[in-house]
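**Student:** After the structure tokens below, expect a handful of questions from me.
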Amino acid sequence: MRLIGVRFVRSRITQWRGERAKRRVLALAPQAEPDIVRADWEESLRNPTGFYLRAFRYFHRRLPAPLQAHRRYFSTGGRGFGEDAFHTMWFLVRREFVWESFLEIGVFRGQTLSLCALLSRLNHQPCEAHGISPFSSLGDSVSRYQRGVDYWEDTLANFDHFGLPHPQLLKAYSTDAAALERIASRKWSGIYIDGNHDYEVAKADWNVCSAAVAKGGVIVLDDSALGTAYRPPAFAFGGHPGPSRLAAEIDRSGFREILQVGHNRAFQRVA
Ligand SMILES: C[S@@+](CC[C@H](N)C(=O)[O-])C[C@H]1O[C@@H](n2cnc3c(N)ncnc32)[C@H](O)[C@@H]1O
């Protein structure tokens with residue numbers, strides 16, 4: 001009981017520090033936040049911490065209201081992980097590229113998958129959304145997820161909340177035969193790898209996804225910024241060792257890193 005009490009107090013202090021840091025970042029910058037254009041993405045690789053703060057401010061000052069509301073919904077009630085700046089990232093990526101198909105490995109309760117569907121609606125660009133996940137509380141060596149949630153039904157209910165068409169979901173581990181078949185079934189425009197964060201599984205996900213993404217398509221690798229120059233502020237997270245090690249090993253003759261927003265790194269297939 002005492003241990004649970006200490007953990008609770010610690011997490012409340014961390015949360016309070018994070019909220020204070022957010023207020024400071026917004027208070028210290030001028031009100032008029034400039035747009036982030038494609039030529040600015042290079043800055044995210046040279047100065048990932050500065051660019052992250054810019055993406056965070058962009059979320060609060062410039063992002064379309066429906067996207068801010070979507071993030072607010074998933075930030076409450078334990079519905080999602082992620083950070084405000086990641087909504088900016090997906091907004092920028094989908095403004096730059098026209099995607100016909102998107103695959104997410106590791107769906108949890110549908111925050112990113114439904115954001116993809118919402119962006120398709122706002123941009124008037126139809127994009128098939130697919131998700132592969134165990135739809136259970138299965139975690140990995142660095143993550144634990146709440147029990148007692150019907151993750152499949154919950155994901156669909158979250159899509160319904162925004163009046164979005166249901167995605168094509170597959171209840172499987174990404175390494176299962178059915179998942180491998182689904183991944184290899186087409187050339188995807190965009191893929192988000194955010195399932196099991198252990199190196200071996202993340203590496204297996206990368207191997208199969210890197211072969212299945214279209215030329216010019218983009219793979220975003222979550223939690224992969226350890227070992228980069230990124231230093232997260234108090235309200236952000238730097239990443240996990242598995243995906244970070246994998247990111248360092250990516251063959252740069254086949255994939256070019258085009259954008260980093262915090263611990264999310266985007267790689268475009270160039271060959
Ligand atoms: C961090 S959460 C994903 C969050 C989600 N991408 C989002 O943006 O809201 C990781 C998810 O991956 C799932 N997962 C764990 N192992 C997996 C595996 N081997 N294959 C696919 N998904 C897995 C977990 O159950 C969990 O739902």
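Each chain in the structure tokens gets a letter, A, B and so on, in the order shown; residues start at 1 in every chain, and ligands are counted from 1 in the order they appear.
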Select the residues contacting ligand 1 at a distance of at most 6 Å, based on only C-alpha atoms and all ligand atoms, then format the selection as a PDB file with N, CA and C atoms, in the first residue's frame.

**Tutor:**
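Done, and the output landed in selection.pdb:
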```pdb
ATOM      1  N   GLY A  80      -5.375   7.352 -24.468  1.00  0.00           N
ATOM      2  CA  GLY A  80      -4.259   7.335 -25.410  1.00  0.00           C
ATOM      3  C   GLY A  80      -2.954   7.796 -24.805  1.00  0.00           C
ATOM      4  N   PHE A  81      -1.876   7.446 -25.496  1.00  0.00           N
ATOM      5  CA  PHE A  81      -0.547   7.939 -25.137  1.00  0.00           C
ATOM      6  C   PHE A  81      -0.263   9.116 -26.060  1.00  0.00           C
ATOM      7  N   ILE A 105       0.851  -0.515 -36.731  1.00  0.00           N
ATOM      8  CA  ILE A 105       1.141  -1.718 -35.937  1.00  0.00           C
ATOM      9  C   ILE A 105       1.140  -1.287 -34.482  1.00  0.00           C
ATOM     10  N   GLY A 106       0.208  -1.807 -33.696  1.00  0.00           N
ATOM     11  CA  GLY A 106       0.060  -1.398 -32.296  1.00  0.00           C
ATOM     12  C   GLY A 106      -0.964  -0.279 -32.214  1.00  0.00           C
ATOM     13  N   VAL A 107      -2.234  -0.671 -32.016  1.00  0.00           N
ATOM     14  CA  VAL A 107      -3.338   0.307 -32.143  1.00  0.00           C
ATOM     15  C   VAL A 107      -3.751   0.900 -30.794  1.00  0.00           C
ATOM     16  N   PHE A 108      -3.597   0.129 -29.710  1.00  0.00           N
ATOM     17  CA  PHE A 108      -4.086   0.509 -28.384  1.00  0.00           C
ATOM     18  C   PHE A 108      -5.568   0.847 -28.477  1.00  0.00           C
ATOM     19  N   ARG A 109      -5.987   2.108 -28.305  1.00  0.00           N
ATOM     20  CA  ARG A 109      -7.415   2.430 -28.338  1.00  0.00           C
ATOM     21  C   ARG A 109      -7.786   3.304 -29.548  1.00  0.00           C
ATOM     22  N   GLY A 110      -6.844   3.386 -30.501  1.00  0.00           N
ATOM     23  CA  GLY A 110      -7.209   3.971 -31.797  1.00  0.00           C
ATOM     24  C   GLY A 110      -6.909   5.447 -31.988  1.00  0.00           C
ATOM     25  N   GLN A 111      -6.058   6.026 -31.137  1.00  0.00           N
ATOM     26  CA  GLN A 111      -5.805   7.469 -31.288  1.00  0.00           C
ATOM     27  C   GLN A 111      -5.203   7.816 -32.658  1.00  0.00           C
ATOM     28  N   THR A 112      -4.104   7.161 -33.016  1.00  0.00           N
ATOM     29  CA  THR A 112      -3.433   7.555 -34.264  1.00  0.00           C
ATOM     30  C   THR A 112      -4.221   7.094 -35.481  1.00  0.00           C
ATOM     31  N   ILE A 132      -3.098  -3.380 -36.986  1.00  0.00           N
ATOM     32  CA  ILE A 132      -2.785  -4.737 -36.505  1.00  0.00           C
ATOM     33  C   ILE A 132      -2.376  -4.628 -35.047  1.00  0.00           C
ATOM     34  N   SER A 133      -3.077  -5.361 -34.196  1.00  0.00           N
ATOM     35  CA  SER A 133      -2.820  -5.250 -32.761  1.00  0.00           C
ATOM     36  C   SER A 133      -3.455  -6.449 -32.075  1.00  0.00           C
ATOM     37  N   PRO A 134      -2.959  -6.842 -30.896  1.00  0.00           N
ATOM     38  CA  PRO A 134      -3.631  -7.961 -30.203  1.00  0.00           C
ATOM     39  C   PRO A 134      -4.982  -7.564 -29.625  1.00  0.00           C
ATOM     40  N   PHE A 135      -5.258  -6.268 -29.531  1.00  0.00           N
ATOM     41  CA  PHE A 135      -6.498  -5.768 -28.915  1.00  0.00           C
ATOM     42  C   PHE A 135      -6.732  -6.433 -27.562  1.00  0.00           C
ATOM     43  N   SER A 136      -5.651  -6.440 -26.778  1.00  0.00           N
ATOM     44  CA  SER A 136      -5.697  -6.956 -25.406  1.00  0.00           C
ATOM     45  C   SER A 136      -4.748  -6.051 -24.603  1.00  0.00           C
ATOM     46  N   SER A 137      -4.515  -6.428 -23.342  1.00  0.00           N
ATOM     47  CA  SER A 137      -3.615  -5.604 -22.531  1.00  0.00           C
ATOM     48  C   SER A 137      -2.151  -6.032 -22.703  1.00  0.00           C
ATOM     49  N   LEU A 138      -1.875  -6.829 -23.747  1.00  0.00           N
ATOM     50  CA  LEU A 138      -0.507  -7.327 -23.936  1.00  0.00           C
ATOM     51  C   LEU A 138       0.497  -6.174 -24.051  1.00  0.00           C
ATOM     52  N   GLY A 139       1.542  -6.227 -23.252  1.00  0.00           N
ATOM     53  CA  GLY A 139       2.583  -5.202 -23.307  1.00  0.00           C
ATOM     54  C   GLY A 139       3.899  -5.786 -23.780  1.00  0.00           C
ATOM     55  N   TYR A 173      -0.668 -10.558 -33.357  1.00  0.00           N
ATOM     56  CA  TYR A 173       0.659  -9.986 -33.121  1.00  0.00           C
ATOM     57  C   TYR A 173       1.247  -9.689 -34.494  1.00  0.00           C
ATOM     58  N   SER A 174       2.078  -8.692 -34.557  1.00  0.00           N
ATOM     59  CA  SER A 174       2.625  -8.289 -35.865  1.00  0.00           C
ATOM     60  C   SER A 174       3.474  -9.387 -36.493  1.00  0.00           C
ATOM     61  N   ASP A 194       4.445   0.931 -33.921  1.00  0.00           N
ATOM     62  CA  ASP A 194       4.293   1.312 -32.509  1.00  0.00           C
ATOM     63  C   ASP A 194       3.663   0.156 -31.726  1.00  0.00           C
ATOM     64  N   GLY A 195       4.176  -1.052 -31.962  1.00  0.00           N
ATOM     65  CA  GLY A 195       3.610  -2.224 -31.284  1.00  0.00           C
ATOM     66  C   GLY A 195       4.462  -2.633 -30.103  1.00  0.00           C
ATOM     67  N   ASN A 196       5.113  -3.768 -30.240  1.00  0.00           N
ATOM     68  CA  ASN A 196       6.029  -4.257 -29.198  1.00  0.00           C
ATOM     69  C   ASN A 196       7.350  -3.493 -29.334  1.00  0.00           C
TER      70      ASN A 196
END
```

**Student:** Find the residues around A:Ala117 up to 7 Å (only C-alpha atoms counted), leave out those fewer than 3 positions away in its own chain, and share them as a PDB file with C-alpha atoms, in the first residue's frame.

**Tutor:**
```pdb
ATOM      1  CA  LEU A 113      -5.603   5.400 -36.523  1.00  0.00           C
ATOM      2  CA  SER A 114      -8.613   7.655 -35.965  1.00  0.00           C
ATOM      3  CA  SER A 120      -8.461  12.092 -44.517  1.00  0.00           C
ATOM      4  CA  ARG A 121     -11.875  13.640 -43.923  1.00  0.00           C
ATOM      5  CA  ALA A 129      -6.816   2.825 -42.547  1.00  0.00           C
ATOM      6  CA  LEU A 164     -15.443   8.222 -38.728  1.00  0.00           C
TER       7      LEU A 164
END
```

**Student:** Show me, as a PyMOL selection string, the residues that have an atom within 12 Å of A:Arg38 when counting only C-alpha atoms, minus same-chain residues fewer than 2 positions from it.

**Tutor:** chain A and resi 35-36+40-44+89+92-97+258-259

**Student:** Go through stretch 56-172 of chain A and collect every residue that DSSP, computed from the backbone, puts in strand (DSSP E or B); the answer should be as a PyMOL selection string.

**Tutor:** chain A and resi 101-105+128-133+140+143+168-171

**Student:** Go ahead and save the picked residues with all heavy atoms, as a CSV table (one decimal), in the first residue's frame.

**Tutor:**
```csv
chain,number,residue,atom,x,y,z
A,101,SER,N,-3.2,4.7,-48.5
A,101,SER,CA,-3.3,3.6,-47.5
A,101,SER,C,-2.4,3.9,-46.3
A,101,SER,O,-1.3,4.4,-46.5
A,101,SER,CB,-3.0,2.2,-48.1
A,101,SER,OG,-1.7,2.3,-48.6
A,102,PHE,N,-2.9,3.5,-45.1
A,102,PHE,CA,-2.1,3.7,-43.9
A,102,PHE,C,-2.2,2.4,-43.0
A,102,PHE,O,-3.3,1.9,-42.9
A,102,PHE,CB,-2.6,4.9,-43.1
A,102,PHE,CG,-1.9,5.1,-41.8
A,102,PHE,CD1,-0.6,5.6,-41.7
A,102,PHE,CD2,-2.7,4.8,-40.6
A,102,PHE,CE1,0.0,5.7,-40.4
A,102,PHE,CE2,-2.1,5.0,-39.4
A,102,PHE,CZ,-0.8,5.5,-39.3
A,103,LEU,N,-1.1,2.0,-42.5
A,103,LEU,CA,-1.1,0.8,-41.6
A,103,LEU,C,-0.5,1.2,-40.3
A,103,LEU,O,0.6,1.7,-40.3
A,103,LEU,CB,-0.3,-0.3,-42.3
A,103,LEU,CG,0.0,-1.5,-41.3
A,103,LEU,CD1,-1.3,-2.3,-41.0
A,103,LEU,CD2,1.0,-2.5,-42.0
A,104,GLU,N,-1.2,0.8,-39.2
A,104,GLU,CA,-0.6,1.1,-37.9
A,104,GLU,C,-0.4,-0.3,-37.2
A,104,GLU,O,-1.3,-1.1,-37.1
A,104,GLU,CB,-1.5,1.9,-37.0
A,104,GLU,CG,-0.9,2.1,-35.6
A,104,GLU,CD,-1.8,3.0,-34.7
A,104,GLU,OE1,-3.0,2.9,-34.8
A,104,GLU,OE2,-1.2,3.9,-34.0
A,105,ILE,N,0.9,-0.5,-36.7
A,105,ILE,CA,1.1,-1.7,-35.9
A,105,ILE,C,1.1,-1.3,-34.5
A,105,ILE,O,2.0,-0.4,-34.1
A,105,ILE,CB,2.5,-2.3,-36.3
A,105,ILE,CG1,2.4,-2.9,-37.8
A,105,ILE,CG2,2.9,-3.4,-35.4
A,105,ILE,CD1,3.6,-3.6,-38.3
A,128,GLU,N,-7.3,4.4,-47.0
A,128,GLU,CA,-7.7,3.2,-46.2
A,128,GLU,C,-6.9,3.1,-45.0
A,128,GLU,O,-5.6,3.1,-45.0
A,128,GLU,CB,-7.4,2.0,-47.1
A,128,GLU,CG,-8.7,1.4,-47.8
A,128,GLU,CD,-8.4,0.1,-48.4
A,128,GLU,OE1,-7.8,-0.8,-47.8
A,128,GLU,OE2,-8.8,0.0,-49.6
A,129,ALA,N,-7.5,2.9,-43.8
A,129,ALA,CA,-6.8,2.8,-42.5
A,129,ALA,C,-6.9,1.4,-42.0
A,129,ALA,O,-8.0,0.8,-41.9
A,129,ALA,CB,-7.4,3.8,-41.5
A,130,HIS,N,-5.7,0.8,-41.8
A,130,HIS,CA,-5.6,-0.6,-41.3
A,130,HIS,C,-4.8,-0.6,-40.0
A,130,HIS,O,-3.9,0.2,-39.8
A,130,HIS,CB,-4.9,-1.5,-42.3
A,130,HIS,CG,-5.6,-1.8,-43.5
A,130,HIS,ND1,-5.9,-3.0,-43.9
A,130,HIS,CD2,-6.0,-0.9,-44.5
A,130,HIS,CE1,-6.5,-3.0,-45.1
A,130,HIS,NE2,-6.6,-1.7,-45.5
A,131,GLY,N,-5.2,-1.5,-39.1
A,131,GLY,CA,-4.5,-1.6,-37.8
A,131,GLY,C,-4.3,-3.1,-37.4
A,131,GLY,O,-5.2,-3.9,-37.6
A,132,ILE,N,-3.1,-3.4,-37.0
A,132,ILE,CA,-2.8,-4.7,-36.5
A,132,ILE,C,-2.4,-4.6,-35.0
A,132,ILE,O,-1.4,-3.9,-34.7
A,132,ILE,CB,-1.6,-5.4,-37.3
A,132,ILE,CG1,-2.0,-5.5,-38.8
A,132,ILE,CG2,-1.2,-6.7,-36.7
A,132,ILE,CD1,-0.9,-5.9,-39.7
A,133,SER,N,-3.1,-5.4,-34.2
A,133,SER,CA,-2.8,-5.3,-32.8
A,133,SER,C,-3.5,-6.4,-32.1
A,133,SER,O,-4.4,-7.0,-32.6
A,133,SER,CB,-3.5,-3.9,-32.3
A,133,SER,OG,-2.9,-3.5,-31.1
A,140,ASP,N,5.0,-5.3,-23.3
A,140,ASP,CA,6.3,-5.8,-23.6
A,140,ASP,C,7.2,-5.5,-22.4
A,140,ASP,O,6.8,-5.1,-21.4
A,140,ASP,CB,6.8,-5.1,-24.9
A,140,ASP,CG,6.7,-3.6,-24.9
A,140,ASP,OD1,7.1,-3.0,-23.8
A,140,ASP,OD2,6.2,-3.0,-25.8
A,143,SER,N,6.5,-1.8,-21.4
A,143,SER,CA,5.1,-1.2,-21.4
A,143,SER,C,4.1,-2.1,-20.7
A,143,SER,O,4.2,-3.3,-21.0
A,143,SER,CB,4.6,-0.9,-22.8
A,143,SER,OG,5.7,-0.7,-23.7
A,168,GLN,N,-9.9,-1.1,-41.0
A,168,GLN,CA,-9.8,-2.5,-41.1
A,168,GLN,C,-8.8,-3.0,-40.1
A,168,GLN,O,-7.6,-2.7,-40.2
A,168,GLN,CB,-9.4,-2.8,-42.6
A,168,GLN,CG,-10.4,-2.2,-43.6
A,168,GLN,CD,-10.2,-2.8,-44.9
A,168,GLN,OE1,-9.9,-4.0,-45.1
A,168,GLN,NE2,-10.4,-2.0,-45.9
A,169,LEU,N,-9.4,-3.7,-39.1
A,169,LEU,CA,-8.5,-4.2,-38.0
A,169,LEU,C,-8.2,-5.6,-38.1
A,169,LEU,O,-9.1,-6.4,-38.6
A,169,LEU,CB,-9.3,-3.9,-36.7
A,169,LEU,CG,-9.7,-2.5,-36.4
A,169,LEU,CD1,-10.4,-2.4,-35.1
A,169,LEU,CD2,-8.5,-1.5,-36.4
A,170,LEU,N,-7.1,-6.0,-37.6
A,170,LEU,CA,-6.7,-7.4,-37.6
A,170,LEU,C,-6.2,-7.7,-36.1
A,170,LEU,O,-5.2,-7.0,-35.7
A,170,LEU,CB,-5.5,-7.7,-38.6
A,170,LEU,CG,-5.0,-9.2,-38.5
A,170,LEU,CD1,-6.1,-10.1,-39.0
A,170,LEU,CD2,-3.8,-9.3,-39.4
A,171,LYS,N,-6.8,-8.6,-35.5
A,171,LYS,CA,-6.4,-9.0,-34.1
A,171,LYS,C,-5.3,-10.0,-34.2
A,171,LYS,O,-5.6,-11.2,-34.5
A,171,LYS,CB,-7.6,-9.6,-33.4
A,171,LYS,CG,-7.4,-9.9,-31.9
A,171,LYS,CD,-8.8,-10.4,-31.3
A,171,LYS,CE,-8.6,-11.0,-30.0
A,171,LYS,NZ,-8.2,-10.1,-28.9
```

**Student:** Counting only C-alpha atoms, which of A:Gln31, A:Arg252, A:His197, A:Leu26 gets nearest to A:Arg144?

**Tutor:**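 The shortest atom-to-atom distance to A:Arg144 comes from A:His197.
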
**Student:** Taking only C-alpha atoms into account, which of A:Leu246, A:Trp99, A:Val201, A:Ile183 comes nearest A:His124?

**Tutor:**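 Ranked by minimum distance to A:His124, first place goes to A:Trp99.
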
**Student:** Provide the atom CA of A:Phe56 to atom CA of A:Tyr145 distance in Å, to one decimal place.

**Tutor:**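 Atom-to-atom, atom CA of A:Phe56 and atom CA of A:Tyr145 are spaced 25.7 Å apart.
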
**Student:** Taking only C-alpha atoms into account, which of A:Leu3, A:His87, A:Leu53, A:Ser141 comes nearest A:Val25?

**Tutor:**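 Going through A:Leu3, A:His87, A:Leu53, A:Ser141 one by one, the smallest distance to A:Val25 is for A:Leu53.
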
**Student:** Tell me, in Å to one decimal, how far atom CA of A:Thr76 is from atom CA of A:Leu115.

**Tutor:**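 Calculated distance between atom CA of A:Thr76 and atom CA of A:Leu115 is 15.5 Å.
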
**Student:** Can you pull out every residue within 10 Å of stretch 14-23 of chain A, counting only C-alpha atoms, but drop anything in the same chain fewer than 3 positions away, and send it as a PyMOL selection string?

**Tutor:** chain A and resi 8-11+26-28+53+56-57+233-236

**Student:** What does the structure give for the distance between atom CA of A:Val270 and atom CA of A:Ser253, in Å to one decimal?

**Tutor:**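 We find that atom CA of A:Val270 and atom CA of A:Ser253 lie 7.6 Å from each other.
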
**Student:** Please provide the set of residues having any atom within 8 Å of stretch 211-227 of chain A, restricted to only C-alpha atoms, with same-chain residues fewer than 4 positions apart removed, written as a PyMOL selection string.

**Tutor:** chain A and resi 183-194+197+207+238-247+262-271

**Student:** A:Tyr73: which residues within 10 Å, counting only C-alpha atoms, same-chain residues fewer than 4 positions away excluded, as a tab-separated table (two decimals) with N, CA and C atoms, in the first residue's frame?

**Tutor:**
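The resulting file, out06.tsv, is reproduced below:
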```tsv
chain	number	residue	atom	x	y	z
A	67	LEU	N	-8.66	18.91	-34.79
A	67	LEU	CA	-7.51	18.07	-34.44
A	67	LEU	C	-7.12	18.28	-32.98
A	68	GLN	N	-7.23	19.53	-32.52
A	68	GLN	CA	-6.98	19.80	-31.10
A	68	GLN	C	-8.01	19.06	-30.24
A	69	ALA	N	-9.27	19.07	-30.70
A	69	ALA	CA	-10.33	18.40	-29.93
A	69	ALA	C	-10.11	16.89	-29.90
A	77	GLY	N	-9.11	10.19	-19.69
A	77	GLY	CA	-9.67	8.87	-19.41
A	77	GLY	C	-8.75	7.72	-19.81
A	78	GLY	N	-7.45	7.98	-19.93
A	78	GLY	CA	-6.51	6.91	-20.28
A	78	GLY	C	-6.72	6.38	-21.69
A	79	ARG	N	-7.33	7.20	-22.57
A	79	ARG	CA	-7.65	6.69	-23.91
A	79	ARG	C	-6.44	6.63	-24.84
A	80	GLY	N	-5.37	7.35	-24.47
A	80	GLY	CA	-4.26	7.34	-25.41
A	80	GLY	C	-2.95	7.80	-24.81
A	111	GLN	N	-6.06	6.03	-31.14
A	111	GLN	CA	-5.80	7.47	-31.29
A	111	GLN	C	-5.20	7.82	-32.66
A	158	ASN	N	-14.44	4.68	-30.30
A	158	ASN	CA	-13.74	5.96	-30.44
A	158	ASN	C	-13.85	6.50	-31.86
A	161	HIS	N	-17.28	7.97	-32.04
A	161	HIS	CA	-17.37	9.25	-31.34
A	161	HIS	C	-17.12	10.42	-32.31
A	162	PHE	N	-16.22	10.19	-33.28
A	162	PHE	CA	-15.91	11.26	-34.24
A	162	PHE	C	-16.65	11.06	-35.58
```
